[in-house]
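Source file model-v7.tsv; content: TSV, C-alpha atoms and all ligand atoms.
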```tsv
chain	number	residue	atom	x	y	z
A	229	MET	CA	413.61	132.82	237.09
A	230	ILE	CA	409.86	133.02	237.61
A	231	ARG	CA	408.37	133.48	241.09
A	232	ILE	CA	404.89	132.13	241.76
A	233	ALA	CA	402.86	132.96	244.83
A	234	ALA	CA	400.33	130.27	245.71
A	235	VAL	CA	397.62	129.53	248.25
A	236	GLY	CA	394.46	127.44	248.40
A	237	ASP	CA	391.35	127.06	250.52
A	238	VAL	CA	390.99	130.75	251.29
A	239	HIS	CA	387.22	130.22	251.83
A	240	VAL	CA	386.22	133.86	251.42
A	241	ASP	CA	382.85	135.15	252.60
A	242	LYS	CA	381.88	138.60	253.86
A	243	ASP	CA	383.54	137.97	257.22
A	244	VAL	CA	386.89	137.15	255.57
A	245	VAL	CA	387.11	140.23	253.30
A	246	GLY	CA	390.16	142.26	254.35
A	247	ARG	CA	391.98	139.38	256.05
A	248	TYR	CA	394.34	138.60	253.15
A	249	ARG	CA	394.57	142.05	251.61
A	250	PRO	CA	397.45	143.53	253.67
A	251	ALA	CA	399.76	140.66	252.64
A	252	LEU	CA	398.45	140.74	249.07
A	253	GLU	CA	399.36	144.41	248.68
A	254	GLU	CA	403.03	143.39	249.04
A	255	LEU	CA	402.73	140.54	246.56
A	256	PRO	CA	403.89	142.33	243.39
A	257	ASP	CA	407.29	142.92	245.06
A	258	ARG	CA	407.60	139.23	245.86
A	259	ALA	CA	406.10	137.27	242.96
A	260	ASP	CA	405.17	137.47	239.29
A	261	ALA	CA	401.76	135.78	239.54
A	262	LEU	CA	399.35	134.39	242.13
A	263	LEU	CA	397.85	130.90	241.73
A	264	ILE	CA	394.94	129.82	243.94
A	265	ALA	CA	394.19	126.11	244.31
A	266	GLY	CA	390.42	126.15	244.81
A	267	ASP	CA	387.92	126.52	247.66
A	268	LEU	CA	387.81	130.22	246.95
A	269	THR	CA	384.49	130.52	248.81
A	270	ARG	CA	382.79	128.88	251.75
A	271	HIS	CA	379.50	127.75	250.22
A	272	GLY	CA	379.91	128.53	246.53
A	273	THR	CA	377.43	131.40	246.31
A	274	VAL	CA	377.74	134.28	243.86
A	275	ASP	CA	377.81	136.75	246.77
A	276	GLU	CA	380.81	134.95	248.21
A	277	ALA	CA	382.44	134.91	244.75
A	278	LYS	CA	382.09	138.70	244.67
A	279	CYS	CA	383.74	138.87	248.10
A	280	PHE	CA	386.56	136.69	246.76
A	281	ALA	CA	386.92	138.93	243.69
A	282	GLU	CA	387.08	142.00	245.92
A	283	GLU	CA	389.79	140.45	248.09
A	284	PHE	CA	391.94	138.96	245.29
A	285	GLY	CA	391.19	141.27	242.33
A	286	GLY	CA	393.28	144.20	241.12
A	287	LEU	CA	396.52	143.01	242.67
A	288	GLY	CA	398.92	144.21	240.00
A	289	VAL	CA	399.96	140.66	239.09
A	290	PRO	CA	397.98	138.04	237.11
A	291	VAL	CA	395.77	135.82	239.30
A	292	VAL	CA	394.91	132.31	238.06
A	293	VAL	CA	392.57	129.99	239.98
A	294	VAL	CA	390.72	126.68	239.89
A	295	LEU	CA	387.51	125.99	241.78
A	296	GLY	CA	387.25	123.57	244.69
A	297	ASN	CA	384.46	121.36	246.01
A	298	HIS	CA	383.18	124.18	248.26
A	299	ASP	CA	382.79	126.35	245.15
A	300	HIS	CA	380.33	123.71	243.82
A	301	GLN	CA	378.24	123.56	247.01
A	302	SER	CA	375.44	125.83	245.73
A	303	ASP	CA	375.42	124.43	242.17
A	304	GLN	CA	376.24	127.94	240.94
A	305	GLN	CA	379.74	127.27	239.64
A	306	ASP	CA	379.08	128.88	236.25
A	307	GLU	CA	377.73	132.12	237.75
A	308	LEU	CA	380.49	132.05	240.35
A	309	THR	CA	383.12	131.65	237.60
A	310	ARG	CA	381.68	134.62	235.70
A	311	ALA	CA	381.72	136.84	238.81
A	312	ILE	CA	385.39	135.99	239.37
A	313	GLU	CA	386.33	136.45	235.71
A	314	ASP	CA	384.62	139.87	235.76
A	315	ALA	CA	387.30	140.92	238.26
A	316	GLY	CA	390.03	140.06	235.72
A	317	ILE	CA	390.93	136.74	237.36
A	318	THR	CA	391.52	133.68	235.14
A	319	VAL	CA	389.53	130.57	236.09
A	320	LEU	CA	390.84	127.27	234.71
A	321	GLU	CA	388.88	124.02	234.35
A	322	GLY	CA	390.46	121.54	231.98
A	323	SER	CA	392.09	124.53	230.33
A	324	ALA	CA	395.38	126.41	230.29
A	325	THR	CA	396.79	129.90	230.08
A	326	VAL	CA	400.22	131.31	229.27
A	327	LEU	CA	401.70	134.33	231.06
A	328	GLU	CA	404.62	136.28	229.61
A	329	ILE	CA	406.97	137.05	232.48
A	330	ARG	CA	410.21	138.94	231.77
A	331	GLY	CA	410.79	137.13	228.51
A	332	HIS	CA	409.72	133.72	229.83
A	333	ARG	CA	406.50	131.91	229.05
A	334	LEU	CA	404.80	130.47	232.14
A	335	GLY	CA	402.17	127.86	231.26
A	336	ILE	CA	399.48	127.02	233.81
A	337	ALA	CA	396.95	124.25	233.29
A	338	GLY	CA	394.27	123.58	235.86
A	339	THR	CA	391.33	121.54	236.98
A	340	LYS	CA	389.41	121.04	240.19
A	341	GLY	CA	390.16	117.32	240.00
A	342	PHE	CA	388.35	114.70	242.08
A	343	GLY	CA	388.88	111.92	244.61
A	344	GLY	CA	389.30	108.19	244.18
A	345	GLY	CA	392.49	107.37	246.06
A	346	PHE	CA	395.99	106.21	245.34
A	347	ALA	CA	397.93	103.07	244.41
A	348	GLY	CA	396.94	100.16	246.66
A	349	ALA	CA	393.89	101.96	248.09
A	350	CYS	CA	391.80	103.36	245.29
A	351	ALA	CA	388.32	103.00	243.88
A	352	SER	CA	388.16	100.78	240.82
A	353	ASN	CA	386.13	101.16	237.67
A	354	PHE	CA	384.08	98.00	238.30
A	355	GLY	CA	380.66	96.93	239.50
A	356	GLU	CA	377.78	99.28	240.14
A	357	ARG	CA	377.01	102.10	237.78
A	358	GLU	CA	377.47	104.56	240.70
A	359	MET	CA	381.04	103.35	241.26
A	360	LYS	CA	381.86	103.53	237.55
A	361	ASP	CA	380.47	107.07	237.50
A	362	PHE	CA	382.62	108.02	240.51
A	363	VAL	CA	385.85	106.66	239.01
A	364	GLY	CA	384.88	107.94	235.57
A	365	THR	CA	384.55	111.44	236.99
A	366	ALA	CA	388.08	111.30	238.41
A	367	GLU	CA	389.42	110.00	235.10
A	368	ARG	CA	387.64	112.69	233.12
A	369	TYR	CA	389.12	115.50	235.24
A	370	ALA	CA	392.60	113.93	234.98
A	371	ASP	CA	392.31	113.45	231.21
A	372	ASP	CA	391.18	117.06	230.80
A	373	LEU	CA	394.16	118.21	232.88
A	374	GLU	CA	396.58	116.18	230.78
A	375	ARG	CA	395.16	117.56	227.54
A	376	ALA	CA	395.38	121.11	228.90
A	377	LEU	CA	398.96	120.62	230.14
A	378	LYS	CA	400.05	119.25	226.77
A	379	SER	CA	398.30	122.05	224.87
A	380	VAL	CA	400.68	124.82	225.97
A	381	GLU	CA	404.08	125.75	224.66
A	382	CYS	CA	406.07	127.39	227.42
A	383	ASP	CA	409.36	127.58	229.29
A	384	ALA	CA	407.88	126.42	232.62
A	385	LEU	CA	404.69	124.40	233.11
A	386	VAL	CA	402.61	124.35	236.32
A	387	ALA	CA	399.65	122.07	237.13
A	388	LEU	CA	397.06	123.69	239.40
A	389	THR	CA	394.41	121.48	241.03
A	390	HIS	CA	392.22	121.47	244.12
A	391	TYR	CA	392.38	117.73	244.81
A	392	SER	CA	395.79	116.19	245.44
A	393	PRO	CA	397.73	114.23	242.79
A	394	VAL	CA	399.79	112.33	245.39
A	395	PRO	CA	399.34	110.86	248.90
A	396	GLU	CA	402.53	112.37	250.37
A	397	THR	CA	401.01	115.83	250.76
A	398	LEU	CA	398.05	114.30	252.62
A	399	VAL	CA	400.19	113.07	255.52
A	400	GLY	CA	398.50	114.37	258.67
A	401	GLU	CA	395.00	113.62	257.40
A	402	PRO	CA	393.22	110.42	258.52
A	403	LEU	CA	394.21	107.58	256.15
A	404	GLU	CA	390.53	106.68	255.86
A	405	ILE	CA	389.76	109.86	253.91
A	406	TYR	CA	392.71	109.90	251.50
A	407	ALA	CA	390.40	108.59	248.75
A	408	PHE	CA	388.25	111.72	249.14
A	409	LEU	CA	391.23	114.08	249.02
A	410	GLY	CA	392.76	113.18	245.68
A	411	CYS	CA	393.50	110.53	243.10
A	412	TYR	CA	396.49	108.95	241.39
A	413	GLN	CA	395.13	109.77	237.95
A	414	LEU	CA	395.98	113.47	238.48
A	415	GLY	CA	399.58	112.53	239.25
A	416	ARG	CA	399.72	110.33	236.16
A	417	SER	CA	398.60	113.26	234.00
A	418	ILE	CA	401.14	115.62	235.57
A	419	ASP	CA	403.93	113.11	234.92
A	420	ALA	CA	402.78	112.46	231.34
A	421	ALA	CA	403.03	116.18	230.58
A	422	HIS	CA	406.38	116.68	232.41
A	423	ALA	CA	405.15	119.64	234.46
A	424	ALA	CA	407.76	121.53	236.47
A	425	LEU	CA	405.56	121.96	239.56
A	426	ALA	CA	402.14	120.83	240.80
A	427	LEU	CA	400.12	122.88	243.28
A	428	HIS	CA	396.99	121.73	245.12
A	429	GLY	CA	394.90	122.40	248.21
A	430	HIS	CA	391.89	120.67	249.85
A	431	ALA	CA	393.87	118.77	252.52
A	432	HIS	CA	393.84	121.25	255.42
A	433	HIS	CA	395.65	118.87	257.75
A	434	GLY	CA	398.11	117.56	255.16
A	435	SER	CA	401.77	118.32	254.50
A	436	GLU	CA	403.30	120.90	252.19
A	437	ARG	CA	405.78	118.86	250.18
A	438	GLY	CA	405.61	115.77	248.03
A	439	ARG	CA	406.59	114.42	244.64
A	440	THR	CA	404.81	112.53	241.88
A	441	PRO	CA	406.02	109.02	240.95
A	442	GLY	CA	407.77	110.71	238.00
A	443	GLY	CA	409.57	113.21	240.27
A	444	VAL	CA	407.54	116.39	239.78
A	445	PRO	CA	407.56	118.51	242.96
A	446	VAL	CA	404.07	118.76	244.50
A	447	ARG	CA	403.12	121.45	247.01
A	448	ASN	CA	399.96	121.47	249.14
A	449	VAL	CA	399.28	125.19	249.48
A	450	ALA	CA	396.07	124.95	251.52
A	451	HIS	CA	396.01	128.02	253.75
A	452	PRO	CA	395.89	126.00	257.00
A	453	VAL	CA	399.01	124.09	255.82
A	454	ILE	CA	401.19	127.01	254.73
A	455	LYS	CA	399.83	129.23	257.55
A	456	GLN	CA	400.30	132.50	255.66
A	457	ALA	CA	398.57	134.42	252.88
A	458	TYR	CA	400.72	132.72	250.23
A	459	ASN	CA	403.96	130.83	249.70
A	460	VAL	CA	406.36	131.72	246.89
A	461	TYR	CA	407.91	129.08	244.63
A	462	GLN	CA	410.59	129.51	241.97
A	463	LEU	CA	410.63	128.10	238.46
A	464	LEU	CA	413.57	128.03	236.02
A	465	SER	CA	415.70	127.85	239.15
A	466	ASP	CA	417.67	125.11	240.96
A	467	GLU	CA	415.46	125.39	244.05
A	468	VAL	CA	411.65	125.38	244.00
A	469	ASP	CA	411.10	126.49	247.59
A	470	THR	CA	411.76	129.88	249.12
A	471	THR	CA	411.49	131.22	252.62
A	472	LEU	CA	408.98	133.99	252.80
A	473	ILE	CA	408.68	136.11	255.89
A	474	GLY	CA	405.81	138.42	256.64
A	475	ALA	CA	403.04	137.24	254.30
A	476	ARG	CA	400.52	136.52	257.05
A	501	FE	FE	388.23	121.38	249.41
```
Write out the structure in this file as structure tokens.
Ligand SMILES: [Fe+2]
Amino acid sequence: MIRIAAVGDVHVDKDVVGRYRPALEELPDRADALLIAGDLTRHGTVDEAKCFAEEFGGLGVPVVVVLGNHDHQSDQQDELTRAIEDAGITVLEGSATVLEIRGHRLGIAGTKGFGGGFAGACASNFGEREMKDFVGTAERYADDLERALKSVECDALVALTHYSPVPETLVGEPLEIYAFLGCYQLGRSIDAAHAALALHGHAHHGSERGRTPGGVPVRNVAHPVIKQAYNVYQLLSDEVDTTLIGAR
């Protein structure tokens, strides 16, 4: 069995440093790796990235992250990525990594993803150039995710995104903004690669649990949804979900 701790939307700036750390110190006893589903910072500055690295670096377990839309706010995503990688944290964008955990190979492929909506209520690749660019962006992120997922050989495969691959984990958000919270193309990629679990954030008012059309469990791990420093999920096990007490 592999145990994965996960959270998203931690939005670290100088005022947040220290808030997660007490629960994180216990993490190596509870999980084999920590995955963070984007929105690591508040405004995407390098200073905030350093705050994030201070809070989530040096934990004693591997930490793997994707960026979120907030991490793009200052157009410094490359510098921000470098600052986080300097702390020994793996940043995925259309790429994958494999972690060796007690004889098992855990594959993680990630992308920020993008919006566009879901079956019956999605943007279509038609008309103005701006609309084609919008939908094309969503498709490019989803295609990159699929390629990354299929590139790894592992015993358990996890898809890590910021935007949601399904509408079920958005329940609680206004219907009118679903199209800005995720897109069906991400779910299609996750199904095509037969991932064991998909983790995302971004939807602060959404719901924790959903499933892709192909049956892959999806978990919205946005901090305001899970209401603790991280949740723990199990792979190579009959049950994905665990009950974790005291990770606030
Ligand atoms: Fe977000």
Choose the residue, out of A:Phe408, A:Tyr458, A:Phe346, A:Tyr369, that has the smallest atom-to-atom separation from ligand FE 501 (chain A); count all atoms listed in the file.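 Smallest distance to ligand FE 501 (chain A) is found for A:Phe408.
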Around (393.6, 113.5, 227.6), as given in the file, which residues come within 12 Å? Count only C-alpha atoms and list them as a PyMOL selection string. chain A and resi 322-323+367-379+413-414+416-418+420-421
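For the pair CA of Glu283 in chain A and CA of Gly246 in chain A, the interatomic distance is 6.5 Å.
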Best match for closeness to Ile230 in chain A among A:Lys242, A:Glu467, A:Gly400, A:Glu381, counting only C-alpha atoms: A:Glu467
Within 8 Å of (402.9, 139.9, 233.9) (file coordinates; only C-alpha atoms), which protein or nucleic acid residues are there? I'd like them as JSON, numbers by chain. {"A": [260, 261, 289, 290, 327, 328, 329, 330]}
Using all atoms listed in the file, find the one residue out of A:Leu262, A:Cys350, A:Leu268, A:Val380 that sits nearest to ligand FE 501 (chain A).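 Under the stated criterion, the closest residue is A:Leu268.
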In Å, rounded to a single decimal, give me how far CA of Ala251 in chain A is from CA of Gly288 in chain A.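 Pair CA of Gly288 in chain A / CA of Ala251 in chain A returns 13.2 Å.
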Could you give me, as an NGL selection string, the residues within 10 Å of range 277-282 of chain A, counting only C-alpha atoms and dropping anything in the same chain fewer than 6 positions from it? :A and (238-246 or 249 or 268-271 or 299 or 305 or 307-317)
Which value, in Å to one decimal, gives the distance between CA of Gly338 in chain A and CA of His390 in chain A?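 Calculated distance between CA of Gly338 in chain A and CA of His390 in chain A is 8.8 Å.
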Which residues sit within 8 Å of ligand FE 501 (chain A), counting all atoms listed in the file, listed as a ChimeraX atom specification? /A:237,266-267,296-298,390-391,409,429-431
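When all atoms listed in the file are used to compute distances to Val235 in chain A, the closest of the residues A:Leu263, A:Asp303, A:Ser435, A:Gly285 turns out to be A:Leu263.
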Output, as JSON, the centre and edge lengths in Å (one decimal) of the axis-aligned box that contains all listed atoms of range 377-380 of chain A with 4 Å of margin on each side.
```
{"center_x": 399.5, "center_y": 122.0, "center_z": 227.5, "size_x": 10.4, "size_y": 13.6, "size_z": 13.3}
```
Spatial neighbours of Ala426 in chain A, max dist 7 Å, all atoms listed in the file, sep filter under 3 positions, as an mmCIF file with C-alpha atoms, keeping the file's coordinate frame:
```cif
data_model
loop_
_atom_site.group_PDB
_atom_site.id
_atom_site.type_symbol
_atom_site.label_atom_id
_atom_site.label_comp_id
_atom_site.auth_asym_id
_atom_site.auth_seq_id
_atom_site.Cartn_x
_atom_site.Cartn_y
_atom_site.Cartn_z
ATOM 1 C CA VAL A 386 402.610 124.350 236.320
ATOM 2 C CA ALA A 387 399.650 122.070 237.130
ATOM 3 C CA LEU A 388 397.060 123.690 239.400
ATOM 4 C CA PRO A 445 407.560 118.510 242.960
ATOM 5 C CA VAL A 446 404.070 118.760 244.500
ATOM 6 C CA ARG A 447 403.120 121.450 247.010
#
```
Find the residue from A:Arg231, A:Arg357, A:Arg247, A:Lys455 that sits nearest to Leu425 in chain A; use all atoms listed in the file when measuring. A:Arg231
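Each of A:Asp469, A:Glu356, A:Glu321, A:Asp306 was compared to Lys340 in chain A using only C-alpha atoms, and A:Glu321 turns out to be the nearest.
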